[in-house]
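Peer 1: Have a look at this one.
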Amino acid sequence: MKKLNYFLYVFAILVMGCKETDKSLKIKVYQTSAAGNKLTKVTEFKKTDSMVTLKINLEKTYQTITGFGGAFTESSAYLLNKLSKGKRDTILHAYFSKYGANYSLTRTHMNSCDFSLSNYSYAPVEGDKNLEHFTIEEDKDDLIPMIKDALEISEDGFKIFASPWTASPWMKDNNHWVGGKLLPEYYDTWALFFSKYLDAYKAEGIDIWGFTVENEPHGNGNNWESMHFSPKEMTDFVQFYLGPKLEADGYGDKIILGYDQNRAGLKEWVDEMYRDEASSKYFHGTAIHWYESTYDYFPEALQYAHNKAPDKYLIETEGCVDSEVPKWQDDVWYWKKEATDWGWDWASEEEKYLHPKYSPVNRYARDIIGCLNNWVDGWVDWNMVLDTQGGPNWFKNWCVAPVIVDPDADQIYFTPIYYVMAHFSKYIRPGAKIIEVENSDDKLMATAAKNPDGSITVVLFNEFEAPKTINLLLNEKMVEFTIDAQAIQTIVIPKNDV
């Protein structure tokens with residue numbers, strides 16, 4: 001996190017290394033690289049001309065990690081059900097087994113979203129203010145079986161939070177799936193909807209950890225399911241309706257995350273959400289997305305949100321390479337600056353600079369490390385599985401997922417993005433504390449965490465074309481190794497060496 005001249009310190013460590021005490025750190029190094037490593041354990045290193053010193057400071061701690069993971073969507077679940085049982089199981093184990101990415105924090109949608117097969121609502125009957133006809137029947141073919149199977153595979157378990165894209169059209173001022181606002185006469189009904197959802201999923205054996213109040217309350221350009229809230233409207237809904245309703249129905253322990261859109265708008269939202277003690281009571285944290293830019297993770301906005309509510313969650317709840325048809329069995333593409341996003345075509349001229357072509361791997365690695373170094377405690381990817389078109393998506397809003405499948409051929413492609421996610425989710429576990437890393441090279445991204453079991457995980461990202469030799473210092477111990485060009489690396493220090 002800081003640049004530091006370590007010359008005298010390193011010299012002292014080297015001198016102390018001549019003593020009988022063992023001053024060498026024992027580490028395991030796992031690397032994913034443009035050269036072909038895929039979370040590969042690396043044991044041999046060549047020294048380079050570029051030397052970086054990293055010092056881990058156990059005394060300086062930051063946020064506690066909630067988890068890492070992805071989203072259960074109807075599209076992903078539908079695709080899994082089109083695969084053979086063997087291939088379906090392979091994907092679920094890759095995401096949820098301790099031998100795979102071991103996801104610990106996940107999201108799903110309430111009612112339909114763009115990554116559904118069609119528009120649907122759990123409250124289909126117009127005027128049903130008491131939700132007597134509430135039903136999650138639509139989820140029982142694909143979505144719920146995927147979640148249940150993932151829970152069966154996961155040894156550690158994982159948290160699930162749910163997000164609505166819109167209320168039923170009949171509850172809105174425009175009577176439409178897209179856009180519009182919740183009519184005031186249905187505020188009580190909409191709060192009841194959340195409670196009914198908890199009841200229904202609990203009956204299926206699925207415990208929902210919490211909610212975001214609304215996916216992308218600014219809307220999405222009148223494209224797919226959405227419902228608009230201003231910061232005051234959302235805060236009032238949570239303070240006077242949703243929070244009290246969940247509390248009254250015995251769900252006061254459920255997490256409520258406000259906002260749930262891009263980081264550039266954070267200030268006005270957290271100022272309103274945490275305007276006073278009464279409003280803050282029901283907000284447990286803030287949810288953010290990354291679509292404001294392909295490379296900027298907005299550290300100032302993240303710092304502001306944390307400082308506004310330092311004891312609350314700050315979770316990145318959605319990110320993906322959007323407006324792209326994924327490349328099939330082409331690892332090179334995921335490392336090249338060929339991908340674009342919505343902003344490449346649609347951003348205003350003054351904001352075009354935020355949306356250049358940028359490598360998908362770089363985007364994920366840069367954003368996750370940048371978030372962890374600026375108080376974010378959870379990072380959730382979007383769809384876990386998509387097809388070779390980047391769907392299915394009823395609006396044809398094609399996107400990239402870490403795992404791509406060809407259901408007709410019963411084939412799976414684990415993209416490099418899958419391995420990037422695993423570098424964090426597998427080795428930084430819930431309850432870990434982010435700790436300070438003093439870094440002598442501002443072109444090498446680095447973050448570190450101390451896990452609940454006492455082990456330490458360090459994640460490095462070298463975006464550039466030259467490898468770097470690393471001197472890693474912890475207490476009075478040191479180890480030297482190399483990170484390759486265009487590589488992400490996870491270093492694990494066992495607890496007995498800390």
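Identifiers in the structure tokens: chain A, B, ... in order shown; residue index from 1 per chain; ligand index from 1 in order shown.
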List the spatial neighbours of Asn362 (chain A) as a VMD selection string - criterion: any atom at most 12 Å away, only C-alpha atoms, same-chain residues fewer than 2 positions off excluded.

Peer 2: chain A and resid 32 to 34 294 to 296 321 333 to 339 357 to 360 364 to 370 416 to 417 420 to 421 445 460 to 464 486 to 488

Peer 1: As a VMD selection string, please: all residues of region 274-417 of chain A that backbone DSSP puts in alpha helix (DSSP H).

Peer 2: chain A and resid 277 to 280 299 to 308 331 to 335 342 to 346 360 to 372 416 to 417

Peer 1: List the neighbours of region 248-262 of chain A out to 7 Å using only C-alpha atoms; skip same-chain residues closer than 4 positions along the sequence, and give me the result as number ranges by chain.

Peer 2: A: 209-217, 244, 269, 282-292

Peer 1: What lies within 10 Å of Lys433 (chain A) using only C-alpha atoms, ignoring chain neighbours under 4 positions off, as a list in words?

Peer 2: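 Neighbouring residues, sequence-local ones excluded: Leu58, Lys60, Thr61, Tyr62, Gln63, Thr64, Ile65, Thr66, Asp377, Ile428, Arg429, Ala448, Ala449, Lys450, Asn451, Pro452 and Ile456 of chain A.
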
Peer 1: Excluding Ser226 (chain A) and residues on its chain fewer than 3 positions from it, collect all residues at most 7 Å away from it, counting only C-alpha atoms, and give them as a list in words.

Peer 2: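 Using only C-alpha atoms, the neighbours found are Trp165, Thr166, Trp177, Val178, Gly179 and Gly219 of chain A.
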
Peer 1: Write down as a list of chain:residue names the residues belonging to region 181-257 of chain A that are assigned strand (DSSP E) by DSSP computed on the backbone.

Peer 2: A:Gly210, A:Phe211, A:Thr212, A:Ile255, A:Ile256, A:Leu257

Peer 1: How would the residues just picked look written out with N, CA, C and O atoms as a short mmCIF file (atom, residue, chain, number, x, y, z; two decimals), in the first residue's frame?

Peer 2:
data_model
loop_
_atom_site.label_atom_id
_atom_site.label_comp_id
_atom_site.auth_asym_id
_atom_site.auth_seq_id
_atom_site.Cartn_x
_atom_site.Cartn_y
_atom_site.Cartn_z
N GLY A 210 -29.48 -12.22 3.14
CA GLY A 210 -29.89 -10.83 3.11
C GLY A 210 -30.33 -10.41 1.73
O GLY A 210 -30.55 -11.23 0.83
N PHE A 211 -30.45 -9.09 1.56
CA PHE A 211 -30.98 -8.51 0.33
C PHE A 211 -30.18 -7.27 -0.08
O PHE A 211 -29.61 -6.59 0.78
N THR A 212 -30.19 -6.97 -1.37
CA THR A 212 -30.03 -5.58 -1.78
C THR A 212 -31.44 -5.08 -2.07
O THR A 212 -32.30 -5.85 -2.52
N ILE A 255 -29.68 -9.25 6.42
CA ILE A 255 -28.85 -8.13 6.01
C ILE A 255 -29.55 -7.32 4.91
O ILE A 255 -30.08 -7.88 3.96
N ILE A 256 -29.57 -6.01 5.06
CA ILE A 256 -30.11 -5.11 4.04
C ILE A 256 -28.98 -4.23 3.53
O ILE A 256 -28.36 -3.49 4.29
N LEU A 257 -28.70 -4.34 2.23
CA LEU A 257 -27.67 -3.52 1.59
C LEU A 257 -28.34 -2.50 0.67
O LEU A 257 -29.17 -2.86 -0.17
#

Peer 1: Find the distance between CA of Pro407 (chain A) and CA of Lys82 (chain A) and write it in Å to one decimal.

Peer 2: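 A separation of 5.9 Å between them.
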
Peer 1: Near Tyr78 (chain A), within 12 Å and counting only C-alpha atoms, which residues show up once chain neighbours fewer than 6 positions away are dropped, as a count of residues only?

Peer 2: 24

Peer 1: Choose the residue, out of A:Gln239, A:Asp114, A:Glu465, A:Met227, that has the smallest atom-to-atom separation from Cys399 (chain A); count only C-alpha atoms.

Peer 2: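 Nearest candidate to Cys399 (chain A) out of A:Gln239, A:Asp114, A:Glu465, A:Met227: A:Asp114.
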
Peer 1: If you count only C-alpha atoms, which residues fall within 10 Å of Glu152 (chain A), apart from same-chain ones fewer than 4 positions away, as a PDB file with all heavy atoms, in the first residue's frame?

Peer 2:
ATOM      1  N   LEU A  92     -20.332 -27.381 -10.869  1.00  0.00           N
ATOM      2  CA  LEU A  92     -20.718 -27.055  -9.492  1.00  0.00           C
ATOM      3  C   LEU A  92     -19.587 -27.353  -8.509  1.00  0.00           C
ATOM      4  O   LEU A  92     -19.356 -26.580  -7.565  1.00  0.00           O
ATOM      5  CB  LEU A  92     -21.986 -27.822  -9.117  1.00  0.00           C
ATOM      6  CG  LEU A  92     -23.269 -27.318  -9.782  1.00  0.00           C
ATOM      7  CD1 LEU A  92     -24.431 -28.262  -9.490  1.00  0.00           C
ATOM      8  CD2 LEU A  92     -23.603 -25.905  -9.305  1.00  0.00           C
ATOM      9  N   HIS A  93     -18.868 -28.444  -8.706  1.00  0.00           N
ATOM     10  CA  HIS A  93     -17.718 -28.731  -7.842  1.00  0.00           C
ATOM     11  C   HIS A  93     -16.610 -27.702  -8.057  1.00  0.00           C
ATOM     12  O   HIS A  93     -15.918 -27.312  -7.104  1.00  0.00           O
ATOM     13  CB  HIS A  93     -17.194 -30.150  -8.094  1.00  0.00           C
ATOM     14  CG  HIS A  93     -17.952 -31.208  -7.365  1.00  0.00           C
ATOM     15  ND1 HIS A  93     -19.112 -31.760  -7.856  1.00  0.00           N
ATOM     16  CD2 HIS A  93     -17.735 -31.811  -6.163  1.00  0.00           C
ATOM     17  CE1 HIS A  93     -19.571 -32.658  -6.994  1.00  0.00           C
ATOM     18  NE2 HIS A  93     -18.760 -32.708  -5.967  1.00  0.00           N
ATOM     19  N   PHE A  96     -17.862 -24.697  -5.969  1.00  0.00           N
ATOM     20  CA  PHE A  96     -18.242 -24.770  -4.559  1.00  0.00           C
ATOM     21  C   PHE A  96     -17.471 -25.787  -3.726  1.00  0.00           C
ATOM     22  O   PHE A  96     -17.528 -25.736  -2.499  1.00  0.00           O
ATOM     23  CB  PHE A  96     -19.750 -25.029  -4.452  1.00  0.00           C
ATOM     24  CG  PHE A  96     -20.554 -23.860  -4.944  1.00  0.00           C
ATOM     25  CD1 PHE A  96     -21.127 -23.867  -6.203  1.00  0.00           C
ATOM     26  CD2 PHE A  96     -20.695 -22.728  -4.153  1.00  0.00           C
ATOM     27  CE1 PHE A  96     -21.841 -22.776  -6.669  1.00  0.00           C
ATOM     28  CE2 PHE A  96     -21.402 -21.631  -4.607  1.00  0.00           C
ATOM     29  CZ  PHE A  96     -21.978 -21.649  -5.870  1.00  0.00           C
ATOM     30  N   SER A  97     -16.733 -26.681  -4.349  1.00  0.00           N
ATOM     31  CA  SER A  97     -15.920 -27.617  -3.580  1.00  0.00           C
ATOM     32  C   SER A  97     -14.691 -26.901  -3.011  1.00  0.00           C
ATOM     33  O   SER A  97     -14.196 -25.930  -3.587  1.00  0.00           O
ATOM     34  CB  SER A  97     -15.481 -28.770  -4.475  1.00  0.00           C
ATOM     35  OG  SER A  97     -14.427 -29.501  -3.893  1.00  0.00           O
ATOM     36  N   MET A 146     -30.201 -25.725  -8.657  1.00  0.00           N
ATOM     37  CA  MET A 146     -28.792 -25.332  -8.729  1.00  0.00           C
ATOM     38  C   MET A 146     -28.280 -24.898  -7.362  1.00  0.00           C
ATOM     39  O   MET A 146     -27.193 -25.295  -6.917  1.00  0.00           O
ATOM     40  CB  MET A 146     -28.595 -24.199  -9.743  1.00  0.00           C
ATOM     41  CG  MET A 146     -27.155 -23.739  -9.877  1.00  0.00           C
ATOM     42  SD  MET A 146     -26.995 -22.332 -11.009  1.00  0.00           S
ATOM     43  CE  MET A 146     -25.204 -22.034 -10.914  1.00  0.00           C
ATOM     44  N   ILE A 147     -29.073 -24.084  -6.665  1.00  0.00           N
ATOM     45  CA  ILE A 147     -28.661 -23.616  -5.340  1.00  0.00           C
ATOM     46  C   ILE A 147     -28.555 -24.787  -4.365  1.00  0.00           C
ATOM     47  O   ILE A 147     -27.580 -24.899  -3.604  1.00  0.00           O
ATOM     48  CB  ILE A 147     -29.650 -22.548  -4.810  1.00  0.00           C
ATOM     49  CG1 ILE A 147     -29.609 -21.291  -5.688  1.00  0.00           C
ATOM     50  CG2 ILE A 147     -29.323 -22.189  -3.362  1.00  0.00           C
ATOM     51  CD1 ILE A 147     -30.694 -20.275  -5.364  1.00  0.00           C
ATOM     52  N   LYS A 148     -29.525 -25.665  -4.386  1.00  0.00           N
ATOM     53  CA  LYS A 148     -29.502 -26.815  -3.471  1.00  0.00           C
ATOM     54  C   LYS A 148     -28.291 -27.715  -3.724  1.00  0.00           C
ATOM     55  O   LYS A 148     -27.638 -28.178  -2.776  1.00  0.00           O
ATOM     56  CB  LYS A 148     -30.791 -27.622  -3.620  1.00  0.00           C
ATOM     57  CG  LYS A 148     -32.015 -27.002  -2.961  1.00  0.00           C
ATOM     58  CD  LYS A 148     -33.213 -27.938  -3.100  1.00  0.00           C
ATOM     59  CE  LYS A 148     -34.414 -27.431  -2.341  1.00  0.00           C
ATOM     60  NZ  LYS A 148     -35.582 -28.338  -2.472  1.00  0.00           N
ATOM     61  N   GLY A 157     -20.160 -24.079   3.410  1.00  0.00           N
ATOM     62  CA  GLY A 157     -21.376 -23.306   3.237  1.00  0.00           C
ATOM     63  C   GLY A 157     -21.070 -21.947   2.621  1.00  0.00           C
ATOM     64  O   GLY A 157     -19.905 -21.544   2.509  1.00  0.00           O
TER      65      GLY A 157
END

Peer 1: Measuring atom to atom with only C-alpha atoms, identify which of A:Ile56, A:Leu83, A:Leu302, A:Ile27 is nearest to Ile434 (chain A).

Peer 2: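 Between A:Ile56, A:Leu83, A:Leu302, A:Ile27, the residue approaching Ile434 (chain A) most closely is A:Ile56.
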
Peer 1: Using only C-alpha atoms, which of A:Phe414, A:Val270, A:Asn439, A:Lys23 sits nearest Tyr313 (chain A)?

Peer 2: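 Among the listed residues, A:Val270 lies closest to Tyr313 (chain A).
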
Peer 1: Could you tell me how far CA of Glu476 (chain A) sits from CA of Thr53 (chain A), in Å to one decimal place?

Peer 2: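 Distance between the two atoms: 13.9 Å.
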
Peer 1: CA of Pro326 (chain A) and CA of Val400 (chain A) are how many Å apart?

Peer 2: 5.1 Å

Peer 1: Counting only C-alpha atoms, which of A:Asn222, A:Ser323, A:Ser293, A:Asn307 gets nearest to Arg363 (chain A)?

Peer 2: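 Answer, going by the shortest atom-to-atom distance: A:Ser293.
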
Peer 1: Which one is closest to Lys46 (chain A): A:Gly454, A:Pro467, A:Gly205, A:Pro494? Count only C-alpha atoms.

Peer 2: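 Closest residue, counting only C-alpha atoms: A:Pro467.
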